[in-house]
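S.K.: You'll find entry-v1.json just under this line, and it carries JSON, C-alpha atoms and all ligand atoms.
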[["chain", "number", "residue", "atom", "x", "y", "z"],
["A", 1047, "MET", "CA", -29.27, -47.98, 29.01],
["A", 1048, "VAL", "CA", -30.88, -44.95, 27.45],
["A", 1049, "ILE", "CA", -29.31, -43.67, 24.29],
["A", 1050, "VAL", "CA", -30.16, -40.10, 23.54],
["A", 1051, "ASP", "CA", -29.59, -39.19, 19.93],
["A", 1052, "VAL", "CA", -29.11, -35.45, 19.85],
["A", 1053, "VAL", "CA", -29.19, -33.94, 16.39],
["A", 1054, "ARG", "CA", -28.32, -30.28, 16.36],
["A", 1055, "MET", "CA", -30.64, -28.24, 14.17],
["A", 1056, "LEU", "CA", -28.70, -26.31, 11.54],
["A", 1057, "THR", "CA", -30.06, -22.93, 10.53],
["A", 1058, "LEU", "CA", -30.02, -21.40, 7.10],
["A", 1059, "LEU", "CA", -30.76, -17.70, 7.56],
["A", 1060, "ILE", "CA", -31.87, -15.68, 4.54],
["A", 1061, "ILE", "CA", -31.29, -11.96, 5.11],
["A", 1062, "PHE", "CA", -32.72, -9.71, 2.42],
["A", 1063, "HIS", "CA", -33.22, -6.09, 1.56],
["A", 1064, "SER", "CA", -35.54, -4.92, -1.17],
["A", 1065, "GLN", "CA", -36.93, -1.52, -2.05],
["A", 1066, "SER", "CA", -39.12, -2.22, -5.05],
["A", 1067, "GLY", "CA", -39.77, -5.93, -4.51],
["A", 1068, "ARG", "CA", -37.42, -7.80, -6.86],
["A", 1069, "ASN", "CA", -34.99, -9.08, -4.26],
["A", 1070, "GLU", "CA", -37.88, -9.77, -1.91],
["A", 1071, "ALA", "CA", -39.50, -12.01, -4.54],
["A", 1072, "LEU", "CA", -36.21, -13.90, -4.94],
["A", 1073, "ALA", "CA", -35.77, -14.18, -1.17],
["A", 1074, "LEU", "CA", -39.28, -15.63, -0.80],
["A", 1075, "ARG", "CA", -38.54, -18.11, -3.55],
["A", 1076, "CYS", "CA", -35.33, -19.23, -1.82],
["A", 1077, "TYR", "CA", -37.17, -19.52, 1.49],
["A", 1078, "GLU", "CA", -39.96, -21.68, 0.05],
["A", 1079, "LYS", "CA", -37.55, -23.82, -1.95],
["A", 1080, "ALA", "CA", -35.19, -24.38, 1.00],
["A", 1081, "LYS", "CA", -38.06, -25.26, 3.37],
["A", 1082, "GLN", "CA", -39.56, -27.67, 0.85],
["A", 1083, "GLN", "CA", -36.24, -29.38, 0.21],
["A", 1084, "ALA", "CA", -35.38, -29.67, 3.90],
["A", 1085, "ALA", "CA", -38.84, -31.14, 4.62],
["A", 1086, "GLU", "CA", -38.62, -33.64, 1.78],
["A", 1087, "ALA", "CA", -35.24, -34.83, 2.99],
["A", 1088, "GLU", "CA", -36.47, -34.83, 6.61],
["A", 1089, "SER", "CA", -33.26, -33.04, 7.42],
["A", 1090, "ALA", "CA", -32.38, -31.12, 10.56],
["A", 1091, "ILE", "CA", -32.23, -27.81, 8.76],
["A", 1092, "GLY", "CA", -34.31, -24.87, 9.90],
["A", 1093, "VAL", "CA", -34.85, -22.08, 7.41],
["A", 1094, "LYS", "CA", -35.41, -18.48, 8.51],
["A", 1095, "LEU", "CA", -36.22, -15.42, 6.44],
["A", 1096, "ARG", "CA", -35.47, -11.97, 7.82],
["A", 1097, "ARG", "CA", -35.67, -8.49, 6.34],
["A", 1098, "ALA", "CA", -32.23, -6.94, 6.87],
["A", 1099, "PHE", "CA", -33.71, -4.00, 8.83],
["A", 1100, "ASP", "CA", -35.31, -6.47, 11.27],
["A", 1101, "CYS", "CA", -32.51, -9.01, 11.57],
["A", 1102, "SER", "CA", -30.86, -9.08, 14.99],
["A", 1103, "LEU", "CA", -27.34, -9.91, 16.07],
["A", 1104, "ASP", "CA", -28.67, -12.98, 17.90],
["A", 1105, "GLU", "CA", -30.32, -14.31, 14.75],
["A", 1106, "PHE", "CA", -27.09, -13.75, 12.83],
["A", 1107, "ASN", "CA", -25.06, -15.37, 15.60],
["A", 1108, "ASP", "CA", -27.32, -18.41, 15.80],
["A", 1109, "ALA", "CA", -27.27, -19.14, 12.06],
["A", 1110, "ASP", "CA", -24.98, -21.72, 10.48],
["A", 1111, "PHE", "CA", -25.26, -20.48, 6.92],
["A", 1112, "ILE", "CA", -26.28, -17.04, 5.66],
["A", 1113, "LEU", "CA", -27.78, -16.20, 2.31],
["A", 1114, "PHE", "CA", -27.65, -12.44, 1.68],
["A", 1115, "ILE", "CA", -30.07, -11.14, -0.96],
["A", 1116, "THR", "CA", -29.89, -7.46, -1.86],
["A", 1117, "PRO", "CA", -29.93, -4.89, -4.67],
["A", 1118, "GLU", "CA", -27.00, -2.61, -5.43],
["A", 1119, "ASN", "CA", -27.56, 1.13, -5.07],
["A", 1120, "PHE", "CA", -25.03, 3.73, -6.23],
["A", 1121, "ALA", "CA", -22.33, 1.12, -6.72],
["A", 1122, "ALA", "CA", -22.64, -0.01, -3.11],
["A", 1123, "ILE", "CA", -24.67, -2.32, -0.85],
["A", 1124, "ALA", "CA", -28.21, -0.96, -0.70],
["A", 1125, "GLY", "CA", -29.10, 0.90, 2.51],
["A", 1126, "GLY", "CA", -31.12, -1.77, 4.32],
["A", 1127, "MET", "CA", -28.34, -4.33, 4.03],
["A", 1128, "LYS", "CA", -25.74, -1.75, 5.01],
["A", 1129, "ASP", "CA", -27.84, -0.90, 8.07],
["A", 1130, "PHE", "CA", -27.70, -4.57, 9.03],
["A", 1131, "PHE", "CA", -23.91, -4.65, 8.84],
["A", 1132, "ASP", "CA", -23.60, -1.23, 10.54],
["A", 1133, "ARG", "CA", -25.65, -2.52, 13.49],
["A", 1134, "THR", "CA", -24.12, -5.95, 13.83],
["A", 1135, "PHE", "CA", -20.51, -5.98, 12.61],
["A", 1136, "TYR", "CA", -18.67, -4.67, 15.68],
["A", 1137, "PRO", "CA", -21.02, -6.31, 18.21],
["A", 1138, "ALA", "CA", -20.51, -9.58, 16.29],
["A", 1139, "GLU", "CA", -16.76, -9.10, 16.39],
["A", 1140, "ARG", "CA", -16.82, -8.34, 20.13],
["A", 1141, "LEU", "CA", -19.01, -11.38, 20.73],
["A", 1142, "GLY", "CA", -16.55, -13.55, 18.83],
["A", 1143, "VAL", "CA", -19.21, -14.74, 16.42],
["A", 1144, "GLN", "CA", -18.09, -17.95, 14.72],
["A", 1145, "ALA", "CA", -17.00, -17.78, 11.08],
["A", 1146, "LYS", "CA", -20.04, -18.19, 8.86],
["A", 1147, "SER", "CA", -20.44, -19.82, 5.52],
["A", 1148, "TYR", "CA", -22.44, -17.55, 3.29],
["A", 1149, "CYS", "CA", -23.23, -16.57, -0.23],
["A", 1150, "CYS", "CA", -25.17, -13.78, -1.88],
["A", 1151, "ILE", "CA", -27.73, -13.11, -4.53],
["A", 1152, "ILE", "CA", -27.78, -9.61, -5.98],
["A", 1153, "ASP", "CA", -30.58, -8.50, -8.25],
["A", 1154, "CYS", "CA", -29.58, -5.10, -9.60],
["A", 1155, "GLY", "CA", -29.70, -2.86, -12.66],
["A", 1156, "ASN", "CA", -26.53, -3.56, -14.58],
["A", 1157, "ASP", "CA", -23.55, -4.17, -12.28],
["A", 1158, "GLY", "CA", -23.61, -5.70, -8.78],
["A", 1159, "SER", "CA", -19.86, -6.23, -8.59],
["A", 1160, "GLN", "CA", -19.28, -3.58, -5.90],
["A", 1161, "THR", "CA", -21.96, -5.01, -3.66],
["A", 1162, "ALA", "CA", -20.47, -8.49, -3.99],
["A", 1163, "LEU", "CA", -17.03, -7.10, -3.18],
["A", 1164, "GLN", "CA", -18.24, -5.11, -0.19],
["A", 1165, "ILE", "CA", -20.10, -8.05, 1.34],
["A", 1166, "GLU", "CA", -17.00, -10.19, 0.86],
["A", 1167, "LYS", "CA", -14.79, -7.58, 2.56],
["A", 1168, "ILE", "CA", -17.18, -7.15, 5.49],
["A", 1169, "MET", "CA", -17.59, -10.89, 6.00],
["A", 1170, "LYS", "CA", -13.85, -11.39, 5.75],
["A", 1171, "GLY", "CA", -13.64, -9.13, 8.80],
["A", 1172, "LEU", "CA", -15.69, -11.81, 10.56],
["A", 1173, "HIS", "CA", -13.31, -14.52, 9.30],
["A", 1174, "SER", "CA", -15.95, -15.75, 6.84],
["A", 1175, "THR", "CA", -15.47, -16.66, 3.22],
["A", 1176, "PRO", "CA", -18.11, -17.13, 0.51],
["A", 1177, "ALA", "CA", -19.21, -20.70, -0.12],
["A", 1178, "GLN", "CA", -19.90, -19.90, -3.76],
["A", 1179, "PRO", "CA", -19.43, -16.99, -6.15],
["A", 1180, "PRO", "CA", -22.29, -14.46, -5.93],
["A", 1181, "LEU", "CA", -25.31, -14.98, -8.13],
["A", 1182, "ILE", "CA", -25.86, -11.64, -9.87],
["A", 1183, "LEU", "CA", -29.15, -11.11, -11.70],
["A", 1184, "TYR", "CA", -30.48, -8.13, -13.58],
["A", 1185, "GLY", "CA", -33.88, -6.46, -13.61],
["A", 1186, "GLU", "CA", -37.31, -7.87, -12.95],
["A", 1187, "PRO", "CA", -37.01, -11.54, -11.94],
["A", 1188, "ASN", "CA", -38.15, -13.88, -14.72],
["A", 1189, "GLU", "CA", -38.34, -17.64, -15.09],
["A", 1190, "ALA", "CA", -34.59, -17.87, -15.70],
["A", 1191, "SER", "CA", -33.86, -15.88, -12.51],
["A", 1192, "PHE", "CA", -36.19, -18.05, -10.44],
["A", 1193, "GLN", "CA", -34.61, -21.16, -11.89],
["A", 1194, "ALA", "CA", -31.13, -19.86, -11.05],
["A", 1195, "VAL", "CA", -32.10, -19.16, -7.42],
["A", 1196, "ASP", "CA", -33.81, -22.56, -7.19],
["A", 1197, "GLU", "CA", -30.60, -24.25, -8.33],
["A", 1198, "LEU", "CA", -28.45, -22.24, -5.94],
["A", 1199, "THR", "CA", -30.80, -22.94, -3.01],
["A", 1200, "GLU", "CA", -30.92, -26.64, -3.84],
["A", 1201, "ALA", "CA", -27.14, -26.85, -3.94],
["A", 1202, "LEU", "CA", -26.80, -24.96, -0.65],
["A", 1203, "VAL", "CA", -29.33, -27.05, 1.25],
["A", 1204, "CYS", "CA", -27.74, -30.21, -0.11],
["A", 1205, "ALA", "CA", -24.25, -29.06, 0.95],
["A", 1206, "ILE", "CA", -25.48, -28.00, 4.41],
["A", 1207, "GLU", "CA", -27.15, -31.40, 4.84],
["A", 1208, "MET", "CA", -23.94, -33.17, 3.86],
["A", 1209, "GLY", "CA", -21.94, -31.05, 6.31],
["A", 1210, "VAL", "CA", -19.87, -29.43, 3.58],
["A", 1211, "TYR", "CA", -20.30, -26.00, 5.26],
["B", 1301, "LIG", "C1", -31.19, 4.83, -5.99],
["B", 1301, "LIG", "C2", -30.84, 3.64, -6.85],
["B", 1301, "LIG", "C3", -29.51, 3.42, -7.19],
["B", 1301, "LIG", "C4", -29.16, 2.30, -7.97],
["B", 1301, "LIG", "N1", -27.85, 2.08, -8.26],
["B", 1301, "LIG", "C5", -27.49, 0.96, -8.93],
["B", 1301, "LIG", "C6", -26.11, 0.64, -9.16],
["B", 1301, "LIG", "O1", -25.21, 1.35, -8.77],
["B", 1301, "LIG", "N2", -25.82, -0.51, -9.85],
["B", 1301, "LIG", "C7", -26.78, -1.36, -10.31],
["B", 1301, "LIG", "O2", -26.46, -2.38, -10.93],
["B", 1301, "LIG", "N3", -28.10, -1.09, -10.11],
["B", 1301, "LIG", "C8", -28.48, 0.03, -9.43],
["B", 1301, "LIG", "N4", -29.80, 0.31, -9.17],
["B", 1301, "LIG", "C9", -30.83, -0.63, -9.67],
["B", 1301, "LIG", "C10", -31.33, -1.60, -8.56],
["B", 1301, "LIG", "O3", -30.27, -2.30, -7.98],
["B", 1301, "LIG", "C11", -32.33, -2.57, -9.19],
["B", 1301, "LIG", "O4", -33.44, -1.86, -9.69],
["B", 1301, "LIG", "C12", -32.77, -3.68, -8.26],
["B", 1301, "LIG", "O5", -33.31, -4.75, -9.03],
["B", 1301, "LIG", "C13", -33.84, -3.22, -7.28],
["B", 1301, "LIG", "O6", -34.13, -4.27, -6.40],
["B", 1301, "LIG", "P1", -35.40, -4.25, -5.44],
["B", 1301, "LIG", "O7", -36.62, -4.28, -6.32],
["B", 1301, "LIG", "O8", -35.27, -5.47, -4.62],
["B", 1301, "LIG", "O9", -35.33, -2.99, -4.61],
["B", 1301, "LIG", "C14", -30.17, 1.42, -8.42],
["B", 1301, "LIG", "C15", -31.52, 1.67, -8.07],
["B", 1301, "LIG", "C16", -31.84, 2.75, -7.29],
["B", 1301, "LIG", "C17", -33.30, 2.98, -6.89]]
What does this structure look like when you write it as structure tokens?
Ligand SMILES: Cc1cc2nc3c(=O)[nH]c(=O)nc-3n(C[C@H](O)[C@H](O)[C@H](O)COP(=O)(O)O)c2cc1C
M.R.:
Amino acid sequence: MVIVDVVRMLTLLIIFHSQSGRNEALALRCYEKAKQQAAEAESAIGVKLRRAFDCSLDEFNDADFILFITPENFAAIAGGMKDFFDRTFYPAERLGVQAKSYCCIIDCGNDGSQTALQIEKIMKGLHSTPAQPPLILYGEPNEASFQAVDELTEALVCAIEMGVY
């Protein structure tokens, strides 16, 4: 008898927008941290990093967990991330995309609350709820910001591995 042990690969998709590099630096940090942790645990988690402008509906559809990383501009989601939702929301709805677990990191000037709220409203339209409260950071990323994203990434990868999401 041949026993085939099929382990489905779970995908953590990091979608980011960044104009002046802060959110990009945080996204890269999450990407490296998540890959390292998944490799160390020999887990069946694939980690993908996509700029919001380049992220396709298929990539969104195929992902099991989404980490959105974006600035806030004019009390709203910054343009690149909005472009992603503008392009994919209704096609995703028509396709019947499965509810996604997600959370977001917002590095902004002094607020971030509207961006968090807007992402939550949009994702609610796709029957998805945040796995964790948003991590909102201010200004140029420093050691404390990198530590905070490391901790968040570690917790997410751990929870994905354990099947919590
Ligand atoms: C046009 C513009 C509008 C902005 N509006 C806001 C805002 O409404 N609230 C806020 O907290 N920060 C605001 N900011 C600050 C950015 O969110 C902040 O500089 C962020 O860290 C930039 O991230 P990035 O380097 O990844 O592009 C604004 C910045 C720009 C350029």
S.K.: Write out as a ChimeraX atom specification the residues lying within 12 Å of Gly1185 of chain A, counting only C-alpha atoms and excluding same-chain residues fewer than 6 positions away.
M.R.: /A:1066-1069,1072,1117-1118,1152-1158,1191
S.K.: Taking into account only C-alpha atoms, which residue in the set A:Asp1110, A:Asp1104, A:Glu1088, A:Glu1197 is nearest to Ile1060 of chain A?
M.R.: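 The closest residue to Ile1060 of chain A is A:Asp1110.
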S.K.: Show me, as a ChimeraX atom specification, the residues that have an atom within 7 Å of Val1143 of chain A when counting all atoms listed in the file, minus same-chain residues fewer than 3 positions from it.
M.R.: /A:1107,1138-1139
S.K.: Once you add 4 Å to each side, what are the centre and edge lengths of the axis-aligned box holding all listed atoms of ligand LIG 1301 (chain B)? One decimal in Å, as lines of an AutoDock Vina configuration file, if you can.
M.R.:
center_x = -30.9
center_y = -0.3
center_z = -7.8
size_x = 19.4
size_y = 18.3
size_z = 14.3
S.K.: A:Phe1062, A:Phe1111, A:Phe1135, A:Phe1192: which is nearest ligand LIG 1301 (chain B), counting only C-alpha atoms and all ligand atoms?
M.R.: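 Closest residue, counting only C-alpha atoms and all ligand atoms: A:Phe1062.
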S.K.: Quick one: everything within 12 Å of Ser1089 of chain A, counting all atoms listed in the file, minus sequence neighbours fewer than 2 positions away in the same chain. Send it as a PyMOL selection string.
M.R.: chain A and resi 1053-1057+1080-1087+1091-1093+1203-1209
S.K.: Using Å and a single decimal, report how far atom CA of Tyr1136 of chain A sits from atom CA of Leu1172 of chain A.
M.R.: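 The value is 9.3 Å.
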S.K.: Once you count all atoms listed in the file, which residues end up no further than 10 Å from (-33.4, -13.6, -8.8) in the file's frame, shown as a ChimeraX atom specification?
M.R.: /A:1068-1073,1075-1076,1115-1116,1151-1154,1181-1196
S.K.: Tell me, as a list in words, which residues lie within 8 Å of segment 1123-1128 of chain A, counting only C-alpha atoms; anything in the same chain fewer than 2 positions away does not count.
M.R.: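 Within the cut-off, the hits are Phe1062, His1063, Ser1064, Ala1098, Phe1099, Thr1116, Pro1117, Glu1118, Asn1119, Phe1120, Ala1121, Phe1130, Phe1131, Asp1132, Gln1160, Thr1161, Gln1164 and Ile1165 of chain A.
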S.K.: Limited to C-alpha atoms, could you put the picked residues into a file as a PDB file, in the coordinates of the input?
M.R.:
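Contents of the output file result28.pdb:
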ATOM      1  CA  PHE A1062     -32.720  -9.710   2.420  1.00  0.00           C
ATOM      2  CA  HIS A1063     -33.220  -6.090   1.560  1.00  0.00           C
ATOM      3  CA  SER A1064     -35.540  -4.920  -1.170  1.00  0.00           C
ATOM      4  CA  ALA A1098     -32.230  -6.940   6.870  1.00  0.00           C
ATOM      5  CA  PHE A1099     -33.710  -4.000   8.830  1.00  0.00           C
ATOM      6  CA  THR A1116     -29.890  -7.460  -1.860  1.00  0.00           C
ATOM      7  CA  PRO A1117     -29.930  -4.890  -4.670  1.00  0.00           C
ATOM      8  CA  GLU A1118     -27.000  -2.610  -5.430  1.00  0.00           C
ATOM      9  CA  ASN A1119     -27.560   1.130  -5.070  1.00  0.00           C
ATOM     10  CA  PHE A1120     -25.030   3.730  -6.230  1.00  0.00           C
ATOM     11  CA  ALA A1121     -22.330   1.120  -6.720  1.00  0.00           C
ATOM     12  CA  PHE A1130     -27.700  -4.570   9.030  1.00  0.00           C
ATOM     13  CA  PHE A1131     -23.910  -4.650   8.840  1.00  0.00           C
ATOM     14  CA  ASP A1132     -23.600  -1.230  10.540  1.00  0.00           C
ATOM     15  CA  GLN A1160     -19.280  -3.580  -5.900  1.00  0.00           C
ATOM     16  CA  THR A1161     -21.960  -5.010  -3.660  1.00  0.00           C
ATOM     17  CA  GLN A1164     -18.240  -5.110  -0.190  1.00  0.00           C
ATOM     18  CA  ILE A1165     -20.100  -8.050   1.340  1.00  0.00           C
TER      19      ILE A1165
END
S.K.: Give as an MDAnalysis selection string the set of residues within 10 Å of the point (-29.8, -10.3, 16.4), where distances use the file's coordinates and only C-alpha atoms.
M.R.: chainID A and resid 1100:1108 1130 1133:1134 1137:1138
